[in-house]
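Here's the structure we're looking at; comments come further down.
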Amino acid sequence: MIKATNLSKRFDDIQAIAGVDLTIEDGQVFGLVGTNGAGKSTFLRMAAGILQPDRGTVTIDGRPVYENPAVKREIFYISDDTAFFSNTTPQEMATFYNRVYDSFNMERFNYLMNNFGLDRKRKIKTFSKGMKKQLSIILGISANTRYLYCDETFDGLDPVMRQAVKSLFIGDMASRKFTPVIASHNLRELEDICDTVGLLHKGGILLSKNLDDAKTDIHKLQCVFRDEESRKRIEEQLTVLTSESRGKLITMTIRGQEEDISDALRAENPIFMEILPLSLEEIFISETGVQGYDIKKIIC
């Protein structure tokens, strides 16, 4: 388990991370979402032990990460800029990581390179941005570490490759102790893979939610009420977070248990009623709206 406690980091007059408390459970895909400059990369670098916090701690199972080589060997960090040693080939990078990580699986590296259609002996500097991203992921997966930190990993990958990478993550989670932490500026990019998502804004965590729990507690409905009084009774009886009218069709986001919401609506005998699936974006719009934030201005 990764735990950040009162984590803060400043660069000159820029407060990159401010008093972050965050717990990332093992065996889940955790998504860290925020705009460029929100502090995602800084958080990951402190969580990987690359940067020393000004205040607070990052621990794994109670062990501090910073200046702790034994803990760092359980982490593989994929940077947003996909930096490699100058003039090297993928094979040479794999040889390097094989010396750093006792758990590195060279056979799997070769297998994945073949499957992704990448040349192990070609100079990395001749690779496209997407190919470099693929190589970084292959190296990270092959390291067989407990934790894989991915900073904008899917940026630069085409849809087919994104799905292939997500499948790799899911397969490893099913077969070994593996926890991916994925930072992204795009909420939609994480929707189909993350179990828990944290929203980082201006260096602080606005919200951290298990998606299954969030979807159980918030529901989106479309209704056509028989009259305005019926609608008002529902708004007074239930916790309505958002309500939008398009003619007679009313779309509501309501907090509460689905059974309780359905019973209250059926008691009003509406002309039409339908419960719709909530997207990850809609969940965060509802949650952050209650706290006074407009997520549409924060997340693309």
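Labels used: A, B, ... for chains in the order of the structure tokens, numbers from 1 for residues in each chain, and numbers from 1 for ligands as shown.
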Looking only at strand (DSSP E) from DSSP on the backbone, list the matching residues of stretch 80-256 of chain A as a ChimeraX atom specification. /A:147-151,179-184,196-201,204-210,218-224,239-246,249-255
How about saving the chosen residues, N, CA and C atoms kept, as a tab-separated table (two decimals), in the first residue's frame?
```
chain	number	residue	atom	x	y	z
A	147	TYR	N	4.98	-2.10	-8.24
A	147	TYR	CA	4.32	-0.84	-8.59
A	147	TYR	C	4.90	-0.30	-9.89
A	148	LEU	N	4.00	0.16	-10.75
A	148	LEU	CA	4.41	0.78	-12.01
A	148	LEU	C	3.77	2.16	-12.07
A	149	TYR	N	4.61	3.20	-12.06
A	149	TYR	CA	4.12	4.58	-12.13
A	149	TYR	C	4.19	5.05	-13.58
A	150	CYS	N	3.08	5.48	-14.11
A	150	CYS	CA	2.99	5.86	-15.52
A	150	CYS	C	2.57	7.32	-15.62
A	151	ASP	N	3.45	8.17	-16.12
A	151	ASP	CA	3.16	9.59	-16.26
A	151	ASP	C	2.76	9.89	-17.70
A	179	THR	N	0.42	-3.23	-9.04
A	179	THR	CA	-0.44	-2.05	-8.88
A	179	THR	C	0.04	-0.94	-9.80
A	180	PRO	N	-0.66	-0.66	-10.88
A	180	PRO	CA	-0.31	0.47	-11.74
A	180	PRO	C	-0.91	1.77	-11.20
A	181	VAL	N	-0.10	2.82	-11.25
A	181	VAL	CA	-0.56	4.17	-10.91
A	181	VAL	C	-0.39	5.02	-12.16
A	182	ILE	N	-1.49	5.49	-12.71
A	182	ILE	CA	-1.47	6.15	-14.01
A	182	ILE	C	-1.87	7.62	-13.86
A	183	ALA	N	-0.97	8.52	-14.22
A	183	ALA	CA	-1.27	9.95	-14.20
A	183	ALA	C	-1.67	10.40	-15.60
A	184	SER	N	-2.73	11.17	-15.68
A	184	SER	CA	-3.20	11.64	-16.98
A	184	SER	C	-3.96	12.95	-16.82
A	196	THR	N	-9.83	3.14	-8.93
A	196	THR	CA	-9.93	4.33	-8.09
A	196	THR	C	-9.28	5.50	-8.82
A	197	VAL	N	-9.88	6.68	-8.69
A	197	VAL	CA	-9.34	7.87	-9.36
A	197	VAL	C	-9.23	9.01	-8.34
A	198	GLY	N	-8.08	9.68	-8.36
A	198	GLY	CA	-7.88	10.87	-7.54
A	198	GLY	C	-7.76	12.09	-8.42
A	199	LEU	N	-8.41	13.16	-8.04
A	199	LEU	CA	-8.38	14.41	-8.81
A	199	LEU	C	-7.44	15.39	-8.14
A	200	LEU	N	-6.36	15.72	-8.84
A	200	LEU	CA	-5.35	16.64	-8.33
A	200	LEU	C	-5.52	18.00	-8.99
A	201	HIS	N	-5.62	19.06	-8.17
A	201	HIS	CA	-5.84	20.40	-8.70
A	201	HIS	C	-5.05	21.40	-7.87
A	204	GLY	N	-3.21	20.02	-4.79
A	204	GLY	CA	-3.95	19.35	-3.72
A	204	GLY	C	-4.95	18.36	-4.28
A	205	ILE	N	-5.29	17.35	-3.48
A	205	ILE	CA	-6.27	16.35	-3.89
A	205	ILE	C	-7.67	16.88	-3.60
A	206	LEU	N	-8.45	17.09	-4.67
A	206	LEU	CA	-9.84	17.51	-4.49
A	206	LEU	C	-10.70	16.34	-4.05
A	207	LEU	N	-10.41	15.16	-4.62
A	207	LEU	CA	-11.30	14.04	-4.42
A	207	LEU	C	-10.57	12.75	-4.79
A	208	SER	N	-10.79	11.70	-4.02
A	208	SER	CA	-10.30	10.37	-4.36
A	208	SER	C	-11.43	9.39	-4.13
A	209	LYS	N	-11.83	8.68	-5.21
A	209	LYS	CA	-13.02	7.85	-5.14
A	209	LYS	C	-12.79	6.47	-5.76
A	210	ASN	N	-13.25	5.43	-5.07
A	210	ASN	CA	-13.37	4.13	-5.70
A	210	ASN	C	-14.56	4.19	-6.65
A	218	ILE	N	-24.23	7.36	-6.66
A	218	ILE	CA	-24.75	8.43	-7.52
A	218	ILE	C	-25.39	7.81	-8.75
A	219	HIS	N	-26.56	8.34	-9.13
A	219	HIS	CA	-27.30	7.78	-10.25
A	219	HIS	C	-27.83	8.89	-11.15
A	220	LYS	N	-27.85	8.58	-12.43
A	220	LYS	CA	-28.36	9.51	-13.43
A	220	LYS	C	-29.70	8.98	-13.95
A	221	LEU	N	-30.70	9.86	-13.95
A	221	LEU	CA	-32.03	9.45	-14.37
A	221	LEU	C	-32.61	10.42	-15.38
A	222	GLN	N	-33.43	9.88	-16.25
A	222	GLN	CA	-34.23	10.71	-17.15
A	222	GLN	C	-35.70	10.43	-16.84
A	223	CYS	N	-36.46	11.49	-16.66
A	223	CYS	CA	-37.87	11.36	-16.26
A	223	CYS	C	-38.73	12.37	-17.01
A	224	VAL	N	-39.96	11.96	-17.20
A	224	VAL	CA	-41.01	12.89	-17.62
A	224	VAL	C	-42.08	12.83	-16.54
A	239	THR	N	-31.77	13.70	-2.69
A	239	THR	CA	-30.61	14.59	-2.81
A	239	THR	C	-30.27	14.74	-4.28
A	240	VAL	N	-30.83	15.77	-4.91
A	240	VAL	CA	-30.62	16.01	-6.32
A	240	VAL	C	-29.39	16.91	-6.49
A	241	LEU	N	-28.36	16.37	-7.14
A	241	LEU	CA	-27.12	17.13	-7.32
A	241	LEU	C	-27.20	18.04	-8.53
A	242	THR	N	-27.74	17.53	-9.63
A	242	THR	CA	-27.91	18.34	-10.84
A	242	THR	C	-29.27	18.02	-11.46
A	243	SER	N	-29.83	19.02	-12.14
A	243	SER	CA	-31.11	18.83	-12.82
A	243	SER	C	-31.12	19.68	-14.08
A	244	GLU	N	-31.48	19.06	-15.20
A	244	GLU	CA	-31.48	19.76	-16.48
A	244	GLU	C	-32.75	19.42	-17.24
A	245	SER	N	-33.37	20.43	-17.82
A	245	SER	CA	-34.63	20.25	-18.54
A	245	SER	C	-34.42	20.43	-20.04
A	246	ARG	N	-35.00	19.51	-20.80
A	246	ARG	CA	-35.07	19.65	-22.25
A	246	ARG	C	-36.52	19.38	-22.64
A	249	LEU	N	-38.57	16.48	-20.80
A	249	LEU	CA	-37.61	15.48	-20.33
A	249	LEU	C	-36.65	16.10	-19.32
A	250	ILE	N	-36.64	15.54	-18.11
A	250	ILE	CA	-35.77	16.03	-17.03
A	250	ILE	C	-34.66	15.02	-16.80
A	251	THR	N	-33.39	15.48	-16.83
A	251	THR	CA	-32.24	14.64	-16.52
A	251	THR	C	-31.69	15.06	-15.17
A	252	MET	N	-31.65	14.12	-14.24
A	252	MET	CA	-31.20	14.40	-12.87
A	252	MET	C	-30.03	13.51	-12.48
A	253	THR	N	-29.13	14.06	-11.70
A	253	THR	CA	-28.11	13.27	-11.02
A	253	THR	C	-28.45	13.29	-9.54
A	254	ILE	N	-28.66	12.10	-8.96
A	254	ILE	CA	-29.18	12.00	-7.60
A	254	ILE	C	-28.26	11.13	-6.76
A	255	ARG	N	-27.95	11.61	-5.56
A	255	ARG	CA	-27.16	10.81	-4.63
A	255	ARG	C	-28.08	9.94	-3.78
```
Spatial neighbours of stretch 72-89 of chain A, 6 Å, only C-alpha atoms, chain gap at least 2 places, as a ChimeraX atom specification: /A:69-70,91-92,121-124,140,145-152
A straight line from atom CA of A:Asn98 to atom CA of A:Phe116 spans 20.0 Å
Secondary structure check, alpha helix (DSSP H) residues of stretch 52-218 of chain A, as number ranges by chain: A: 69-72, 90-100, 106-116, 129-142, 159-175, 187-190, 211-217
When you draw a straight line from atom CA of A:Ile193 to atom CA of A:Ser136, how long is it in Å?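 Between atom CA of A:Ile193 and atom CA of A:Ser136 the gap is 19.1 Å.
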Rank nothing, just name the residue among A:Ile14, A:Gly130, A:Ser103, A:Val29 nearest to A:Lys166, using only C-alpha atoms. A:Val29
Between atom CA of A:Lys177 and atom CA of A:Phe30, what is the distance, to one decimal in Å? 14.3 Å
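The shortest atom-to-atom distance to A:Pro90, with only C-alpha atoms taken into account, belongs to A:Leu118 out of A:Ala143, A:Val71, A:Leu118, A:Leu276.
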From the set A:Gln28, A:Ser8, A:Gln163, A:Thr35, which residue has the shortest atom-to-atom contact distance to A:Pro53, counting only C-alpha atoms? A:Ser8
Write out as a VMD selection string each polymer residue whose atoms come within 10 Å of stretch 262-267 of chain A, counting only C-alpha atoms; drop sequence neighbours fewer than 2 positions from it. chain A and resid 221 223 225 230 to 231 233 to 234 237 to 238 257 to 260 269 to 275
Could you list, as an NGL selection string, every residue within 8 Å of A:Tyr97, counting only C-alpha atoms and ignoring same-chain residues fewer than 4 positions away? :A and (93 or 101 or 104 or 139 or 143)
Writer output for current selection, N, CA and C atoms, as an mmCIF file, in the first residue's frame:
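So result_14.cif came out as:
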```
data_model
loop_
_atom_site.group_PDB
_atom_site.id
_atom_site.type_symbol
_atom_site.label_atom_id
_atom_site.label_comp_id
_atom_site.auth_asym_id
_atom_site.auth_seq_id
_atom_site.Cartn_x
_atom_site.Cartn_y
_atom_site.Cartn_z
ATOM 1 N N MET A 93 19.067 -1.087 -23.205
ATOM 2 C CA MET A 93 18.291 -0.591 -22.070
ATOM 3 C C MET A 93 17.779 -1.749 -21.226
ATOM 4 N N TYR A 101 17.168 -4.314 -11.610
ATOM 5 C CA TYR A 101 16.042 -5.027 -11.010
ATOM 6 C C TYR A 101 16.302 -6.540 -11.045
ATOM 7 N N PHE A 104 13.758 -8.504 -13.129
ATOM 8 C CA PHE A 104 13.586 -8.250 -14.567
ATOM 9 C C PHE A 104 13.543 -9.572 -15.335
ATOM 10 N N LEU A 139 9.506 -2.178 -21.003
ATOM 11 C CA LEU A 139 10.556 -2.254 -19.990
ATOM 12 C C LEU A 139 9.954 -2.282 -18.586
ATOM 13 N N ALA A 143 10.107 -5.459 -15.926
ATOM 14 C CA ALA A 143 10.816 -5.329 -14.650
ATOM 15 C C ALA A 143 10.133 -6.110 -13.532
#
```
